[in-house]
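Next comes target.cif, a file with mmCIF, C-alpha atoms.
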data_work
loop_
_atom_site.label_atom_id
_atom_site.label_comp_id
_atom_site.auth_asym_id
_atom_site.auth_seq_id
_atom_site.Cartn_x
_atom_site.Cartn_y
_atom_site.Cartn_z
CA MET A 1 20.62 38.57 62.04
CA ALA A 2 23.86 36.93 61.11
CA GLU A 3 22.82 36.38 57.52
CA MET A 4 22.27 40.07 56.88
CA LYS A 5 24.64 41.24 54.20
CA VAL A 6 26.39 44.41 55.12
CA MET A 7 27.25 46.86 52.39
CA ASN A 8 30.94 47.17 52.90
CA GLU A 9 33.41 48.91 50.70
CA LYS A 10 34.21 45.90 48.55
CA ASN A 11 30.58 45.30 47.68
CA MET A 12 30.05 48.89 46.63
CA GLN A 13 33.05 48.90 44.35
CA LYS A 14 32.01 45.66 42.68
CA THR A 15 28.55 46.96 41.85
CA THR A 16 29.80 50.22 40.47
CA ALA A 17 32.34 48.45 38.24
CA ARG A 18 29.64 46.17 36.84
CA GLN A 19 27.34 49.11 36.39
CA LYS A 20 30.05 50.93 34.51
CA VAL A 21 30.55 48.06 32.09
CA LEU A 22 26.81 47.72 31.48
CA ARG A 23 26.46 51.42 30.95
CA PHE A 24 29.34 51.43 28.49
CA LEU A 25 27.78 48.56 26.55
CA GLY A 26 24.40 50.29 26.60
CA GLN A 27 25.79 53.54 25.26
CA GLY A 28 27.89 51.64 22.75
CA GLY A 29 24.83 49.79 21.50
CA ILE A 30 22.91 53.04 21.12
CA TYR A 31 25.76 54.60 19.19
CA LEU A 32 26.05 51.56 16.95
CA PHE A 33 22.34 51.70 16.12
CA LEU A 34 22.40 55.43 15.48
CA LEU A 35 25.50 55.30 13.31
CA THR A 36 24.07 52.46 11.26
CA MET A 37 20.84 54.36 10.64
CA ALA A 38 22.81 57.51 9.84
CA LEU A 39 24.84 55.61 7.25
CA ILE A 40 21.69 54.21 5.68
CA VAL A 41 20.11 57.66 5.52
CA LEU A 42 23.25 59.23 4.08
CA PHE A 43 23.93 56.54 1.52
CA PRO A 44 21.73 57.88 -1.32
CA PHE A 45 23.35 61.32 -1.06
CA TYR A 46 26.82 59.82 -1.17
CA TRP A 47 25.91 57.63 -4.13
CA MET A 48 24.37 60.61 -5.92
CA ILE A 49 27.48 62.76 -5.54
CA ILE A 50 29.87 59.95 -6.43
CA SER A 51 27.89 58.89 -9.49
CA SER A 52 27.56 62.41 -10.78
CA LEU A 53 31.34 62.74 -10.90
CA LYS A 54 32.02 59.44 -12.61
CA SER A 55 32.35 58.89 -16.30
CA LEU A 56 29.64 56.79 -17.91
CA ALA A 57 31.89 53.75 -18.32
CA GLU A 58 32.95 53.84 -14.70
CA TYR A 59 29.33 54.25 -13.61
CA ARG A 60 28.42 51.00 -15.31
CA LEU A 61 31.11 48.87 -13.67
CA SER A 62 29.54 45.90 -12.08
CA PRO A 63 31.34 45.73 -8.79
CA PRO A 64 30.99 49.47 -8.45
CA THR A 65 33.70 51.85 -7.39
CA PHE A 66 33.25 53.80 -4.21
CA SER A 67 36.11 56.20 -4.62
CA LEU A 68 36.77 58.04 -7.80
CA TYR A 69 39.42 57.10 -10.24
CA ARG A 70 39.60 58.56 -13.68
CA PHE A 71 38.54 56.17 -16.35
CA TRP A 72 39.35 58.14 -19.39
CA MET B 1 -8.84 91.79 23.26
CA VAL B 2 -9.16 94.45 20.65
CA GLU B 3 -11.55 97.27 21.43
CA SER B 4 -14.56 97.33 19.21
CA LYS B 5 -13.52 100.69 17.76
CA GLN B 6 -10.32 99.20 16.40
CA GLN B 7 -11.74 95.93 15.20
CA TRP B 8 -11.94 97.03 11.60
CA LYS B 9 -8.14 97.10 11.61
CA ALA B 10 -8.02 93.44 12.50
CA TRP B 11 -10.38 92.64 9.65
CA LEU B 12 -8.25 94.71 7.31
CA TYR B 13 -5.16 92.74 8.19
CA LEU B 14 -7.00 89.50 7.74
CA ALA B 15 -8.61 90.51 4.46
CA PRO B 16 -5.88 89.48 1.97
CA ALA B 17 -5.50 86.06 3.54
CA ILE B 18 -9.26 85.54 3.64
CA VAL B 19 -9.65 86.55 0.01
CA LEU B 20 -6.89 84.20 -1.12
CA LEU B 21 -8.35 81.39 0.97
CA LEU B 22 -11.82 81.90 -0.44
CA VAL B 23 -10.70 82.09 -4.05
CA PHE B 24 -8.11 79.34 -4.11
CA THR B 25 -9.31 76.89 -1.48
CA VAL B 26 -13.00 77.25 -0.64
CA TRP B 27 -14.34 77.92 -4.14
CA PRO B 28 -12.50 74.95 -5.76
CA ILE B 29 -13.81 72.64 -3.03
CA ILE B 30 -17.39 73.78 -3.65
CA ASN B 31 -16.86 73.46 -7.38
CA THR B 32 -15.43 69.96 -7.02
CA VAL B 33 -18.38 68.79 -4.97
CA ALA B 34 -20.71 70.26 -7.58
CA MET B 35 -18.81 68.72 -10.50
CA ALA B 36 -18.80 65.28 -8.94
CA PHE B 37 -22.55 65.04 -9.45
CA MET B 38 -22.52 66.19 -13.07
CA GLU B 39 -22.36 63.29 -15.48
CA GLY B 40 -20.93 63.82 -18.91
CA TYR B 41 -19.44 67.14 -17.99
CA SER B 42 -16.48 68.16 -20.02
CA GLY B 43 -14.54 71.32 -19.33
CA LEU B 44 -13.61 71.68 -22.98
CA THR B 45 -17.10 71.76 -24.29
CA LYS B 46 -18.09 74.15 -21.56
CA ALA B 47 -15.35 76.52 -22.59
CA GLY B 48 -16.50 76.13 -26.15
CA GLY B 49 -19.94 77.29 -25.19
CA GLU B 50 -22.21 74.33 -24.79
CA ALA B 51 -22.13 71.86 -21.97
CA THR B 52 -24.62 69.08 -21.49
CA PHE B 53 -24.70 67.21 -18.26
CA LYS B 54 -27.22 65.64 -16.02
CA ILE B 55 -27.16 65.41 -12.28
CA GLY B 56 -26.73 61.99 -10.82
CA PHE B 57 -24.50 59.49 -9.14
CA GLY B 58 -23.19 58.12 -12.43
CA ASN B 59 -19.68 59.42 -11.87
CA PHE B 60 -19.36 57.65 -8.55
CA ILE B 61 -20.62 54.36 -9.92
CA HIS B 62 -18.34 54.64 -12.92
CA VAL B 63 -15.30 55.35 -10.76
CA VAL B 64 -15.88 52.62 -8.19
CA GLY B 65 -16.57 49.96 -10.77
CA HIS B 66 -13.45 50.72 -12.76
CA PRO B 67 -10.72 48.04 -12.41
CA ASP B 68 -8.04 50.73 -12.32
CA PHE B 69 -9.73 52.15 -9.27
CA GLN B 70 -9.57 48.86 -7.43
CA GLN B 71 -5.91 48.44 -8.28
CA ALA B 72 -5.22 51.98 -7.10
CA MET B 73 -7.09 51.36 -3.84
CA LYS B 74 -5.11 48.21 -3.23
CA ASN B 75 -1.82 50.02 -3.88
CA THR B 76 -2.69 52.96 -1.66
CA ILE B 77 -3.89 50.85 1.24
CA LEU B 78 -0.89 48.51 1.08
CA LEU B 79 1.50 51.44 0.99
CA CYS B 80 -0.18 53.02 4.02
CA VAL B 81 -0.31 49.81 6.00
CA PHE B 82 3.38 49.11 5.46
CA THR B 83 4.93 52.55 5.68
CA VAL B 84 3.11 54.17 8.60
CA PRO B 85 3.88 51.61 11.36
CA LEU B 86 7.40 51.03 10.07
CA SER B 87 8.34 54.68 9.89
CA THR B 88 6.70 55.49 13.24
CA ILE B 89 8.46 52.71 15.13
CA LEU B 90 11.80 53.50 13.49
CA ALA B 91 11.39 57.21 14.21
CA LEU B 92 10.51 56.42 17.83
CA LEU B 93 13.60 54.27 18.30
CA ILE B 94 15.85 56.84 16.69
CA ALA B 95 14.34 59.69 18.72
CA VAL B 96 14.74 57.78 21.99
CA ALA B 97 18.32 56.89 21.08
CA LEU B 98 19.10 60.49 20.12
CA ASN B 99 17.68 61.67 23.42
CA ALA B 100 19.95 59.33 25.35
CA ILE B 101 23.30 60.48 24.00
CA LYS B 102 25.04 63.75 24.61
CA PRO B 103 28.14 64.19 22.40
CA LEU B 104 27.24 63.65 18.73
CA ARG B 105 23.58 64.61 19.09
CA LYS B 106 23.46 67.76 16.99
CA ALA B 107 25.49 66.27 14.15
CA LEU B 108 23.28 63.20 14.04
CA GLN B 109 20.15 65.33 14.15
CA THR B 110 21.37 67.23 11.12
CA ILE B 111 22.10 64.01 9.28
CA PHE B 112 18.69 62.55 10.05
CA PHE B 113 16.96 65.74 8.93
CA LEU B 114 18.60 65.77 5.49
CA PRO B 115 15.93 63.77 3.60
CA TYR B 116 13.33 66.40 4.50
CA VAL B 117 15.09 69.22 2.65
CA THR B 118 15.43 67.34 -0.60
CA ASN B 119 13.17 67.26 -3.60
CA SER B 120 11.21 64.07 -3.64
CA ILE B 121 11.41 63.51 -7.37
CA ALA B 122 15.14 64.19 -7.56
CA ILE B 123 16.00 61.73 -4.82
CA GLY B 124 13.47 59.34 -6.33
CA MET B 125 15.59 59.30 -9.45
CA VAL B 126 18.66 58.56 -7.32
CA PHE B 127 16.83 55.62 -5.74
CA ALA B 128 15.78 54.44 -9.17
CA ALA B 129 19.41 54.61 -10.27
CA MET B 130 20.45 52.58 -7.23
CA PHE B 131 17.91 49.84 -7.89
CA ASN B 132 18.27 49.89 -11.65
CA VAL B 133 19.59 46.83 -13.48
CA ILE B 134 21.21 47.60 -16.83
CA GLY B 135 21.13 44.87 -19.40
CA THR B 136 18.66 42.54 -21.04
CA ILE B 137 16.53 40.81 -18.49
CA GLY B 138 13.76 38.37 -19.12
CA THR B 139 15.34 36.81 -22.15
CA ARG B 140 16.46 33.23 -22.05
CA ARG B 141 20.06 34.13 -21.31
CA PRO B 142 20.04 37.51 -19.64
CA LEU B 143 23.05 39.64 -20.36
CA ILE B 144 23.58 41.99 -17.45
CA ILE B 145 25.92 44.91 -17.82
CA SER B 146 25.46 46.30 -14.35
CA TYR B 147 23.39 45.02 -11.49
CA GLY B 148 23.02 48.27 -9.61
CA ILE B 149 24.52 49.03 -6.24
CA ILE B 150 21.79 47.38 -4.15
CA ASN B 151 22.03 44.11 -6.05
CA ASP B 152 25.80 44.26 -5.73
CA ILE B 153 25.51 44.55 -1.98
CA ILE B 154 23.13 41.59 -1.93
CA ARG B 155 25.50 39.54 -4.05
CA LEU B 156 28.37 40.53 -1.79
CA PHE B 157 26.56 38.78 1.04
CA GLY B 158 25.96 35.76 -1.09
CA GLY B 159 22.38 36.27 -2.17
CA ASN B 160 20.70 36.34 -5.54
CA TRP B 161 20.16 39.50 -7.50
CA VAL B 162 16.59 40.76 -7.86
CA ASN B 163 14.90 42.62 -10.68
CA TRP B 164 13.57 45.55 -8.68
CA ILE B 165 12.04 48.11 -11.00
CA ASN B 166 12.89 47.23 -14.57
CA SER B 167 10.75 45.53 -17.16
CA GLY B 168 9.56 42.18 -15.91
CA SER B 169 9.84 42.94 -12.21
CA GLU B 170 7.31 41.55 -9.79
CA TYR B 171 4.79 43.42 -7.73
CA TRP B 172 6.37 42.74 -4.37
CA ALA B 173 9.77 44.00 -5.58
CA ASN B 174 8.17 47.25 -6.74
CA MET B 175 6.35 47.57 -3.45
CA PHE B 176 9.54 46.95 -1.50
CA VAL B 177 11.31 49.78 -3.31
CA MET B 178 8.35 52.10 -2.73
CA VAL B 179 8.15 51.26 0.96
CA VAL B 180 11.88 51.85 1.43
CA TYR B 181 11.71 55.17 -0.34
CA ILE B 182 8.59 56.41 1.43
CA VAL B 183 9.94 55.42 4.84
CA TRP B 184 13.25 57.13 4.05
CA ASN B 185 11.31 60.27 3.12
CA ALA B 186 8.93 60.21 6.06
CA LEU B 187 11.55 59.58 8.75
CA PRO B 188 12.98 63.07 9.37
CA PHE B 189 9.75 64.88 10.13
CA LYS B 190 8.64 62.15 12.51
CA ILE B 191 12.00 62.13 14.27
CA LEU B 192 11.76 65.89 14.70
CA VAL B 193 8.28 65.78 16.23
CA LEU B 194 9.03 62.83 18.49
CA LEU B 195 12.34 64.26 19.66
CA GLY B 196 10.63 67.54 20.51
CA GLY B 197 8.02 65.64 22.45
CA LEU B 198 10.65 63.59 24.25
CA GLN B 199 12.50 66.64 25.46
CA SER B 200 9.39 68.01 27.06
CA ILE B 201 8.92 64.99 29.31
CA ASN B 202 9.55 65.81 32.95
CA LYS B 203 12.85 64.37 34.11
CA GLN B 204 11.36 63.41 37.45
CA TYR B 205 9.72 60.37 35.93
CA TYR B 206 13.08 59.06 34.81
CA ASP B 207 14.61 59.82 38.19
CA ALA B 208 11.83 57.88 39.89
CA ALA B 209 12.49 54.99 37.55
CA LYS B 210 16.18 55.12 38.34
CA VAL B 211 15.44 55.01 42.06
CA ASP B 212 13.42 51.86 41.49
CA SER B 213 16.20 50.57 39.17
CA ALA B 214 13.74 49.75 36.40
CA PRO B 215 15.28 47.99 33.39
CA ARG B 216 15.62 50.01 30.23
CA TRP B 217 12.94 48.13 28.34
CA ARG B 218 10.36 48.77 30.99
CA VAL B 219 11.28 52.43 31.20
CA LEU B 220 10.69 52.65 27.46
CA THR B 221 7.30 50.98 27.38
CA ARG B 222 5.85 52.15 30.69
CA ILE B 223 7.14 55.69 30.94
CA THR B 224 8.33 57.03 27.62
CA VAL B 225 5.69 55.72 25.25
CA PRO B 226 2.64 56.63 27.38
CA LEU B 227 3.98 60.11 28.06
CA LEU B 228 4.79 60.50 24.38
CA SER B 229 1.44 59.18 23.20
CA PRO B 230 -0.03 62.54 22.09
CA MET B 231 2.93 63.03 19.75
CA ILE B 232 2.74 59.46 18.54
CA ALA B 233 -0.96 59.88 17.81
CA TYR B 234 -0.28 63.06 15.85
CA VAL B 235 2.49 61.38 13.88
CA VAL B 236 0.35 58.35 13.08
CA ILE B 237 -2.67 60.40 11.99
CA THR B 238 -0.68 62.70 9.74
CA GLY B 239 1.24 59.69 8.48
CA PHE B 240 -1.96 57.99 7.37
CA ILE B 241 -3.30 61.16 5.77
CA GLY B 242 -0.04 61.68 3.92
CA GLY B 243 0.14 58.03 2.95
CA PHE B 244 -3.21 58.15 1.22
CA LYS B 245 -1.99 61.05 -0.86
CA GLU B 246 1.19 59.39 -2.13
CA TYR B 247 1.90 60.35 -5.69
CA THR B 248 5.23 62.13 -6.15
CA SER B 249 7.23 59.29 -4.63
CA ILE B 250 5.94 56.89 -7.24
CA VAL B 251 6.52 59.34 -10.07
CA GLY B 252 10.02 59.95 -8.73
CA ILE B 253 10.98 56.30 -8.98
CA PHE B 254 8.95 54.98 -11.89
CA GLY B 255 8.38 58.05 -13.98
CA GLU B 256 5.16 59.10 -15.63
CA ASN B 257 3.90 55.64 -16.44
CA MET B 258 3.71 54.64 -12.78
CA GLY B 259 5.02 51.14 -13.05
CA PRO B 260 7.69 49.00 -14.64
CA ALA B 261 7.98 49.22 -18.39
CA HIS B 262 6.01 46.08 -19.13
CA ASP B 263 3.05 46.92 -16.92
CA ALA B 264 2.51 50.66 -16.90
CA GLY B 265 0.07 51.91 -14.29
CA ARG B 266 0.63 48.96 -11.99
CA LEU B 267 1.58 51.12 -9.04
CA ASN B 268 -0.94 53.89 -9.58
CA THR B 269 -2.51 55.41 -6.50
CA MET B 270 -5.75 57.27 -5.88
CA VAL B 271 -4.20 60.67 -6.47
CA GLY B 272 -2.61 59.35 -9.67
CA LEU B 273 -6.05 58.21 -10.80
CA ILE B 274 -7.45 61.69 -10.17
CA TYR B 275 -4.70 63.27 -12.24
CA ASP B 276 -5.19 60.74 -15.03
CA SER B 277 -8.92 61.44 -15.16
CA LEU B 278 -8.20 65.14 -15.42
CA GLU B 279 -5.83 64.52 -18.27
CA MET B 280 -8.48 62.59 -20.12
CA ASP B 281 -10.83 65.52 -19.70
CA ASN B 282 -13.13 63.72 -17.34
CA GLN B 283 -13.55 66.35 -14.68
CA GLY B 284 -16.65 64.70 -13.31
CA GLY B 285 -14.86 61.41 -12.73
CA ALA B 286 -11.86 63.15 -11.19
CA SER B 287 -14.11 65.08 -8.79
CA ALA B 288 -15.95 61.93 -7.85
CA ALA B 289 -12.67 60.11 -7.16
CA ALA B 290 -11.46 63.08 -5.11
CA LEU B 291 -14.63 63.00 -3.03
CA ILE B 292 -14.28 59.26 -2.49
CA LEU B 293 -10.67 59.76 -1.38
CA PHE B 294 -11.80 62.48 1.00
CA GLY B 295 -14.41 60.14 2.45
CA ILE B 296 -11.87 57.35 2.95
CA ILE B 297 -9.37 59.63 4.66
CA LEU B 298 -12.14 61.02 6.86
CA ILE B 299 -13.19 57.55 7.98
CA VAL B 300 -9.59 56.50 8.66
CA THR B 301 -8.92 59.68 10.64
CA LEU B 302 -12.08 59.22 12.69
CA ILE B 303 -11.05 55.66 13.49
CA ASN B 304 -7.61 56.93 14.48
CA LEU B 305 -9.10 59.59 16.74
CA GLN B 306 -11.40 57.07 18.33
CA VAL B 307 -8.52 54.71 19.08
CA SER B 308 -6.40 57.53 20.42
CA LYS B 309 -9.14 58.54 22.84
CA LYS B 310 -8.57 55.31 24.68
CA ARG B 311 -4.81 55.03 24.35
CA VAL B 312 -3.53 58.56 24.60
CA HIS B 313 -2.81 60.09 27.97
CA TYR B 314 -2.66 63.85 28.05
#

Please go through the file and, once you have read it, give me the structure as structure tokens.
Amino acid sequence: MAEMKVMNEKNMQKTTARQKVLRFLGQGGIYLFLLTMALIVLFPFYWMIISSLKSLAEYRLSPPTFSLYRFW
Amino acid sequence: MVESKQQWKAWLYLAPAIVLLLVFTVWPIINTVAMAFMEGYSGLTKAGGEATFKIGFGNFIHVVGHPDFQQAMKNTILLCVFTVPLSTILALLIAVALNAIKPLRKALQTIFFLPYVTNSIAIGMVFAAMFNVIGTIGTRRPLIISYGIINDIIRLFGGNWVNWINSGSEYWANMFVMVVYIVWNALPFKILVLLGGLQSINKQYYDAAKVDSAPRWRVLTRITVPLLSPMIAYVVITGFIGGFKEYTSIVGIFGENMGPAHDAGRLNTMVGLIYDSLEMDNQGGASAAALILFGIILIVTLINLQVSKKRVHY
């Protein structure tokens, strides 16, 4: 009987704090995964729009440019 | 139900659709089955007035023994085997993740649906431009003007550049590009179906799991996937059927010659073979190949349905 752990106030606060951190990490992980996949899905569109506005010489640069600057 | 006096109205409303269906779907199917058994049939000579053909299985034997056919079979089956599981698992993960967040959900749904509203050949050309390497490759001292954005990203992380789709590229590199593009194309529809299925799951199951404090992994595999299994079965079956009919994706990336410049036709698929036979005025061979494709898809679908009888819980 003496070894029974009683759920006092301190115990309850500790578990909820830990649960909060885990939940935050879980949501953060989900967001990270979703944003990564969204970037991968969006990348061809972005590349298409950027490349269509570049001049031919700028398009052929070997480390490519990701923002536009006028090459002529 | 409609009273029998008014039933002629129902038939009247159905009549245009039935006529179009008969003329443009049922009659060509019957004609194709008939043409597959005519050897030596040529549409041109028939239009000219005389057509000689004899009935037999010669078309089928000719098609199956052709080396192009075996290459096309290998390409089609490899594409299916790689793209369907990959896109289904990825779509499942994304749908489950989308279901679990509240704030940015609609914006992310829009973003993930974008590949579906695009033209597959236009975006294929964009992918080809991303993987394209400009310069002279394959000579003793290759002079590269531009590696292409994907190779630049690889070199940024310290790797070696790869010849993806140009002249001299290897088969696995071509296949990798095709798998990436087909998965990218197939993802939005699957996410839509799976997300719709997820939102129709009763919340009480999740509440029961929360009461038992089940870990997230077990909730996923023991509750979500079994309850979602009808949708997953539908997605897998239509994925396989669509995968066997792949043609426009390959044309979008490689152009009409279906392969890198030094080995045209390397990545041809079954549907590509059917179109090529039609171009060479071999309607009998094209019909035979179409019937063989139909038979293969039928067998694969029956296997899928058989497996889903055991694994799908309704």

| field | Interface list for chain B, partner chain A, 8 Å threshold, only C-alpha atoms, as an MDAnalysis selection string | value | chainID B and resid 94 97:98 101 108 111:112 115 123 126:127 145:149 152 184

| Any idea what's packed within 8 Å of range 246-250 of chain B, counting only C-alpha atoms, ignoring anything in its chain fewer than 5 positions away? Could you give it as a ChimeraX atom specification? | /B:76,120-121,124,178,181-182,255,258,267-269,271-272

| message | For the provided coordinates, the residues matched by the PyMOL selection byres ((chain B and resi 193-204) around 12) should be stated as a PyMOL selection string. | response | chain B and resi 87-100+105-106+109+112-113+186-192+205-211+220+223-236+238+314

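If you count only C-alpha atoms and ignore residues fewer than 4 places along the chain from Phe57 in chain B, what sits within 10 Å of it is Ala36, Phe37, Met38, Glu39, Ile61, His62 and Ala288 of chain B.
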
| query | Contacts of range 77-82 of chain B at 8 Å or less, counting all atoms listed in the file, minus same-chain residues fewer than 4 places along, as a ChimeraX atom specification? | reply | /B:73,86,175,178-179,240,243-244

| query | Given the file above and the PyMOL selection byres ((chain B and resi 55) around 12), which residues are selected, and can you give them as number ranges by chain? | reply | B: 33-41, 52-54, 56-60, 284

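Take CA of Asn151 in chain B and CA of Asn257 in chain B: the distance between them is 23.9 Å.
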
Starting from the shown file, work through the PyMOL selection byres ((chain B and resi 154-171) around 7) and note down what comes out as a PDB file with C-alpha atoms, in the frame of the given file.
ATOM      1  CA  PHE B 131      17.910  49.840  -7.890  1.00  0.00           C
ATOM      2  CA  ASN B 132      18.270  49.890 -11.650  1.00  0.00           C
ATOM      3  CA  VAL B 133      19.590  46.830 -13.480  1.00  0.00           C
ATOM      4  CA  GLY B 138      13.760  38.370 -19.120  1.00  0.00           C
ATOM      5  CA  ILE B 150      21.790  47.380  -4.150  1.00  0.00           C
ATOM      6  CA  ASN B 151      22.030  44.110  -6.050  1.00  0.00           C
ATOM      7  CA  ASP B 152      25.800  44.260  -5.730  1.00  0.00           C
ATOM      8  CA  ILE B 153      25.510  44.550  -1.980  1.00  0.00           C
ATOM      9  CA  TRP B 172       6.370  42.740  -4.370  1.00  0.00           C
ATOM     10  CA  ALA B 173       9.770  44.000  -5.580  1.00  0.00           C
ATOM     11  CA  ASN B 174       8.170  47.250  -6.740  1.00  0.00           C
ATOM     12  CA  MET B 175       6.350  47.570  -3.450  1.00  0.00           C
ATOM     13  CA  PRO B 260       7.690  49.000 -14.640  1.00  0.00           C
ATOM     14  CA  ALA B 261       7.980  49.220 -18.390  1.00  0.00           C
ATOM     15  CA  HIS B 262       6.010  46.080 -19.130  1.00  0.00           C
TER      16      HIS B 262
END

| When you draw a straight line from CA of Ser308 in chain B to CA of Gly239 in chain B, how long is it in Å? | 14.3 Å

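For the atom pair formed by CA of Thr118 in chain B and CA of Gly252 in chain B, the distance is 12.2 Å, given to one decimal.
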